[in-house]
Each structure stands twice: as structure tokens, then as C-alpha cells.
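The structure under discussion appears below in the form of C-alpha cells.
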Amino acid sequence: MPAPDALTTNEALSPEGKTPARGLAQGADETGSAIGPEHVKYCRDVYTSIQTELAKVIVGQQQVVEEILIAIFTRSHALLVGVPGLAKTLLISTLAETLQMSFKRVQFTPDLMPSDITGTEVIYTDPATGERSFRFINGPLFANIVLADEINRTPPKTQAALLEAMQERRVTVGGKTHKLPAPFFVLATQNPLEQEGTYPLPEAQLDRFMFLIRVGYPSDEEELEIMKRASAKGEQPQVVIDAEQVLALQEIVKAMPVADHVYHYAKRLVRATRAGEPDALEPATKWLSVGAGPRASLAMITAAKAHAIIHGQHHTGCENVAAVAHSILRHRVAVNFTAQSEGVSADTVITELLKLVPANQPLA
């Protein structure tokens, strides 16, 4: 997809013909906003084009697609949770086809070792001189998009290696640090039903995922369409953007303006989850044992920016924060025994908190 003003890919989204970050920083208008109508339109067009290409293969799941793209536009990671057969793996692999970036799929198993994903050093013999030296061979993490299939089936040692890659965007092997390519995303899948032979993800690793996305069953009409498509020759998705344009899109989202009252709304919503703290609200005090940490507040604002821009808005509002709240908070809070005995889920608690925390509240 061509960038605004017929700029080159390297200069995508910069009306002044500078690099994306520099162009945005120097292109702010009188209100302090660096986002112009051409930026919003381009981001919206890219989002719509990717949706169109995915729809050639994937039936429905618009909310899932939206949240995955928000994660990509915000330099974040996402965990997809759903029963087998809901096309989680197909969705991610199809998405990789629409983005002209390197893609690797890793099937996580109980015998998977850290070196199997990070890479390893091997002894290399120079054919000319006969000298031997260690040479690092890249593992599958050295890709722009990494599909971590059934991530909870691998032991904690391998999960820890993935954790460093997700947080630091680098891996350490043999005492040497190797940077991962940019952009870098981990899109992981997990089966919520099977517990035999699985290793539940630790809270620290769950917190590194911006979104925990629930993948639900298709509707009646969607399931019928899935069956019909299975016996027909479908269209192949086409490339929409490449790695350089994704990096430029991330700069656009980062520069999206946010008013102070929106920051305060996100802050109040996160602090309302912390049972035992002064700002906790009644649903959290009654049903939660652990509330969300500061990383949830950061993720809330970042995701809200992307949600706003892909819907054609020129500013971020409280409604954007509320739209992303469930997928950001559901894996960062823990329900207590009372909630479990009453059949109350984390999503139910978040819904109740959204009703109680006022939006667009004037600042004192």
C-alpha cells in the first residue's frame, strides 16, 4: 500500500519527507498534536486492507483480528486462548502473509530446550585455513513474527528464554547478546482445556503480553460459511505492508494525543482492581485477590491510542480505554475463592468495574 504523499517506504507517514519519528516530532500543530488527517487515514486504510485480506481465509473473528493488529501497531505481544479448531494458528499464519515480514512457527513441546528457540553456537572449521571457531546459528526467534503454538506445553526454562526475548528483544547465548530483528512480535496460542502435561505460564510472563485474547466459537452463519469454504478454492491473501511501514505505523500510534482526563480514567480503572488498597471498588474487594500492576496502566493507554486511530479518530478518548480493558486486565487480575464458588470470572469483575468508574470526569 503506498504511503501518503507518494513517499518512499522508508519515509512512510511523514508529510515532511523525514523519517517517521523525526517528521512527527517536528510536525506538531498548534495544539501540540503530531497527528495529521493523512496519518489517521493511512493507518485506517492499512487496518481495513489487512482485515479484507484476512477475510479471504478467516471467517468472522473481527474482534480477535482487531486486537491482534492493535498489538502489532503498538510493538506488543498477544496471547490467544481458545479451544482447539478455532483457527488460531491459521489466523496468525495468514496475517503473516499480509505483512511482508519474516515469520516462524514454533510448536512448543515438553522436550523443547531454550537453545531450540534462541539458537546455539556450533564449531565452525574454516575450509581454507583449517582454523576452528564458534559460530552462532540463529534460532526461530530471529523473525519479525513468531507464532508460539501451545506455549504452555514447554517447561519453565524455555519459557524464561522466551520471556527475555519478549521483554528485551534480544537473546543471550554463550554469554553473548544477540539483537532480534525489528519489528518483533510474539503471537502465542494456548488451549484452556487440557491441563495434563502443561506448564502454566507464570504471572511475570503473562504480564508481558499486552492482550489475552479470548477466541470464541463462530456464530451460526459463520459456521455454515466455514463449511462451504472448506470445499471451495479460496482467494489467497495479498501483501499489504512491509516491516518498514509497520515501524512507521508504530511511530504514528506513539504520537497519538491523549488528554489528561483519559490518563486519569485509565489510572482509576486499574487502581480500582487492587483489592485491599484504598482505591479498590466493591467488585474487586469482593471477588479479586490480586489486582493489576502499573504495566496494565501503560498498556491501557498504548492500546487505546491504536484503537482510536484504526477507527479514524484524531484523539484518544475514554471510550477507547474501555474498549480494550477486558483483554488487558483479564490476565493481570486473579479471582478469589468467593468468585470461583459463585462462578464469577475476571471478565465479569472488569465489566462491573467499567460500570462504576466514571468516564470523562472533570479534573479537580
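Chain labels A, B, ... are given in the sequence in which chains occur in the C-alpha cells; within each chain residues are numbered consecutively from 1, and ligands are likewise numbered from 1 in the order shown.
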Near Ile123 of chain A, within 12 Å and counting only C-alpha atoms, which residues show up once chain neighbours fewer than 3 positions away are dropped, as a short mmCIF file (atom, residue, chain, number, x, y, z; two decimals) with N, CA and C atoms, in the first residue's frame?
data_model
loop_
_atom_site.label_atom_id
_atom_site.label_comp_id
_atom_site.auth_asym_id
_atom_site.auth_seq_id
_atom_site.Cartn_x
_atom_site.Cartn_y
_atom_site.Cartn_z
N THR A 120 21.98 -21.55 18.80
CA THR A 120 23.10 -22.17 19.51
C THR A 120 24.41 -21.89 18.81
N ASP A 126 37.11 -23.40 9.24
CA ASP A 126 37.36 -22.65 8.00
C ASP A 126 37.98 -23.59 6.97
N GLY A 130 41.65 -24.08 7.98
CA GLY A 130 41.52 -25.18 8.92
C GLY A 130 41.30 -24.71 10.35
N GLU A 131 41.23 -23.39 10.57
CA GLU A 131 41.02 -22.86 11.92
C GLU A 131 39.58 -23.12 12.37
N ARG A 132 39.47 -23.37 13.67
CA ARG A 132 38.15 -23.63 14.24
C ARG A 132 37.72 -22.45 15.10
N SER A 133 36.43 -22.17 15.05
CA SER A 133 35.87 -21.10 15.87
C SER A 133 34.39 -21.39 16.11
N PHE A 134 33.85 -20.69 17.10
CA PHE A 134 32.42 -20.84 17.38
C PHE A 134 31.62 -19.89 16.49
N ARG A 135 30.54 -20.40 15.95
CA ARG A 135 29.66 -19.58 15.12
C ARG A 135 28.23 -19.74 15.62
N PHE A 136 27.55 -18.60 15.77
CA PHE A 136 26.18 -18.63 16.28
C PHE A 136 25.20 -18.89 15.15
N ILE A 137 24.33 -19.86 15.36
CA ILE A 137 23.28 -20.20 14.40
C ILE A 137 21.95 -19.71 14.96
#
Segment 50-97 of chain A: residues DSSP assigns to strand (DSSP E or B), reported as an MDAnalysis selection string: chainID A and resid 78:81
Considering only C-alpha atoms, state which residue in the set A:Ser115, A:Asn144, A:Ser289, A:Asn360 is at the smallest distance from Ala161 of chain A. A:Ser115
Against segment 326-348 of chain A, which residues of segment 214-279 of chain A fall within 9 Å? For each one I want the closest pair of atoms and the distance in Å (one decimal), counting only C-alpha atoms, rows by chain and increasing residue number, as JSON lines.
{"residue": "A:Arg214", "atom": "CA", "partner": "A:Ser327", "partner_atom": "CA", "distance": 7.8}
{"residue": "A:Val270", "atom": "CA", "partner": "A:Leu329", "partner_atom": "CA", "distance": 8.1}
{"residue": "A:Thr273", "atom": "CA", "partner": "A:Val333", "partner_atom": "CA", "distance": 7.4}
{"residue": "A:Arg274", "atom": "CA", "partner": "A:Val333", "partner_atom": "CA", "distance": 8.5}
Please produce, as a tab-separated table, a per-residue contact table for segment 295-331 of chain A versus segment 247-259 of chain A (criterion: any atom at most 6 Å away, only C-alpha atoms considered), showing the nearest atom pair and its distance in Å to one decimal, sorted by chain then residue number.
residue	atom	partner	partner_atom	distance
A:Lys305	CA	A:Met256	CA	6.0
A:Ala306	CA	A:Val253	CA	5.6
A:His315	CA	A:Pro257	CA	5.5
A:Thr316	CA	A:Val258	CA	5.2
Between atom CA of Ser102 of chain A and atom CA of Ala143 of chain A, what is the spacing in Å? 5.1 Å
Closest-contact table, segment 57-157 of chain A side, partner segment 164-183 of chain A, 12 Å, counting only C-alpha atoms, as CSV:
residue,atom,partner,partner_atom,distance
A:Ala71,CA,A:Pro183,CA,11.7
A:Ile72,CA,A:Pro183,CA,8.7
A:Phe73,CA,A:Pro183,CA,9.9
A:Thr74,CA,A:Pro183,CA,10.3
A:Arg75,CA,A:Pro183,CA,7.2
A:Ser76,CA,A:Met166,CA,8.6
A:His77,CA,A:Met166,CA,7.6
A:Ala78,CA,A:Met166,CA,10.6
A:Leu99,CA,A:Pro183,CA,11.3
A:Gln100,CA,A:Pro183,CA,11.5
A:Met101,CA,A:Pro183,CA,8.8
A:Ser102,CA,A:Pro181,CA,9.3
A:Phe103,CA,A:Pro181,CA,11.3
A:Pro114,CA,A:Val173,CA,9.5
A:Ser115,CA,A:Val173,CA,8.0
A:Asp116,CA,A:Val173,CA,11.5
A:Ile117,CA,A:Val171,CA,9.7
A:Thr118,CA,A:Val171,CA,6.4
A:Gly119,CA,A:Val173,CA,7.6
A:Thr120,CA,A:Val173,CA,6.8
A:Glu121,CA,A:Gly174,CA,7.5
A:Val122,CA,A:Gly174,CA,10.8
A:Phe134,CA,A:Gly174,CA,10.0
A:Arg135,CA,A:Gly174,CA,10.8
A:Phe136,CA,A:Val173,CA,8.5
A:Ile137,CA,A:Val173,CA,10.3
A:Asn138,CA,A:His178,CA,9.2
A:Gly139,CA,A:Val171,CA,9.9
A:Pro140,CA,A:Leu180,CA,10.4
A:Leu141,CA,A:Leu180,CA,7.4
A:Phe142,CA,A:Leu180,CA,5.6
A:Ala143,CA,A:Pro181,CA,6.3
A:Asn144,CA,A:Pro183,CA,5.5
A:Ile145,CA,A:Pro183,CA,8.0
A:Val146,CA,A:Met166,CA,10.3
A:Ala148,CA,A:Met166,CA,11.5
A:Lys157,CA,A:Glu164,CA,11.2
Written file, previous selection with C-alpha atoms, as a compact mmCIF listing (two decimals), in the first residue's frame:
# COMPACT_ATOMS: atom_id res chain seq x y z
CA ALA A 71 -0.76 -5.39 19.44
CA ILE A 72 1.28 -5.18 16.23
CA PHE A 73 0.69 -1.44 15.82
CA THR A 74 1.87 -0.88 19.40
CA ARG A 75 5.02 -3.05 19.37
CA SER A 76 3.42 -5.53 21.76
CA HIS A 77 2.67 -9.24 22.10
CA ALA A 78 -0.63 -11.13 22.29
CA LEU A 99 2.72 -8.42 6.23
CA GLN A 100 5.90 -8.68 4.18
CA MET A 101 7.99 -9.79 7.13
CA SER A 102 9.82 -12.92 8.21
CA PHE A 103 7.65 -15.48 10.01
CA PRO A 114 15.96 -22.86 25.27
CA SER A 115 18.60 -23.31 22.55
CA ASP A 116 15.91 -24.76 20.26
CA ILE A 117 14.26 -21.33 20.07
CA THR A 118 17.11 -18.88 20.72
CA GLY A 119 19.79 -20.58 18.62
CA THR A 120 23.10 -22.17 19.51
CA GLU A 121 26.82 -21.91 18.96
CA VAL A 122 28.47 -24.57 16.81
CA PHE A 134 32.42 -20.84 17.38
CA ARG A 135 29.66 -19.58 15.12
CA PHE A 136 26.18 -18.63 16.28
CA ILE A 137 23.28 -20.20 14.40
CA ASN A 138 20.04 -18.23 14.71
CA GLY A 139 17.02 -19.95 16.23
CA PRO A 140 13.41 -19.41 15.15
CA LEU A 141 13.09 -16.35 17.43
CA PHE A 142 15.07 -14.42 14.83
CA ALA A 143 11.99 -13.44 12.85
CA ASN A 144 9.63 -10.48 12.77
CA ILE A 145 6.58 -12.55 13.68
CA VAL A 146 6.95 -15.61 15.91
CA ALA A 148 4.46 -19.72 19.74
CA LYS A 157 13.36 -22.90 31.47
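Picture a line from atom CA of Ile226 of chain A to atom CA of Val81 of chain A; it runs 20.1 Å.
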Please identify all polymer residues within 9 Å of Val357 of chain A, counting only C-alpha atoms, omitting same-chain residues fewer than 3 positions from it, and present them as a compact mmCIF listing (two decimals) with N, CA and C atoms, in the first residue's frame.
# COMPACT_ATOMS: atom_id res chain seq x y z
N TYR A 265 -8.64 8.43 33.78
CA TYR A 265 -9.64 7.35 33.69
C TYR A 265 -8.96 5.99 33.70
N ARG A 268 -7.65 5.30 37.23
CA ARG A 268 -8.69 4.93 38.19
C ARG A 268 -9.19 3.51 37.94
N LEU A 269 -9.29 3.14 36.68
CA LEU A 269 -9.78 1.80 36.35
C LEU A 269 -8.81 0.73 36.84
N ALA A 272 -8.71 0.57 40.66
CA ALA A 272 -9.95 0.01 41.21
C ALA A 272 -9.90 -1.50 41.34
N LEU A 281 -12.57 -0.75 44.33
CA LEU A 281 -14.03 -0.66 44.36
C LEU A 281 -14.61 -2.00 44.82
N GLU A 352 -18.14 -5.06 35.70
CA GLU A 352 -18.72 -4.32 36.82
C GLU A 352 -17.92 -3.08 37.15
N LEU A 353 -16.60 -3.18 37.08
CA LEU A 353 -15.75 -2.02 37.37
C LEU A 353 -15.95 -0.93 36.31
N LEU A 354 -16.11 -1.34 35.04
CA LEU A 354 -16.33 -0.36 33.98
C LEU A 354 -17.64 0.42 34.20
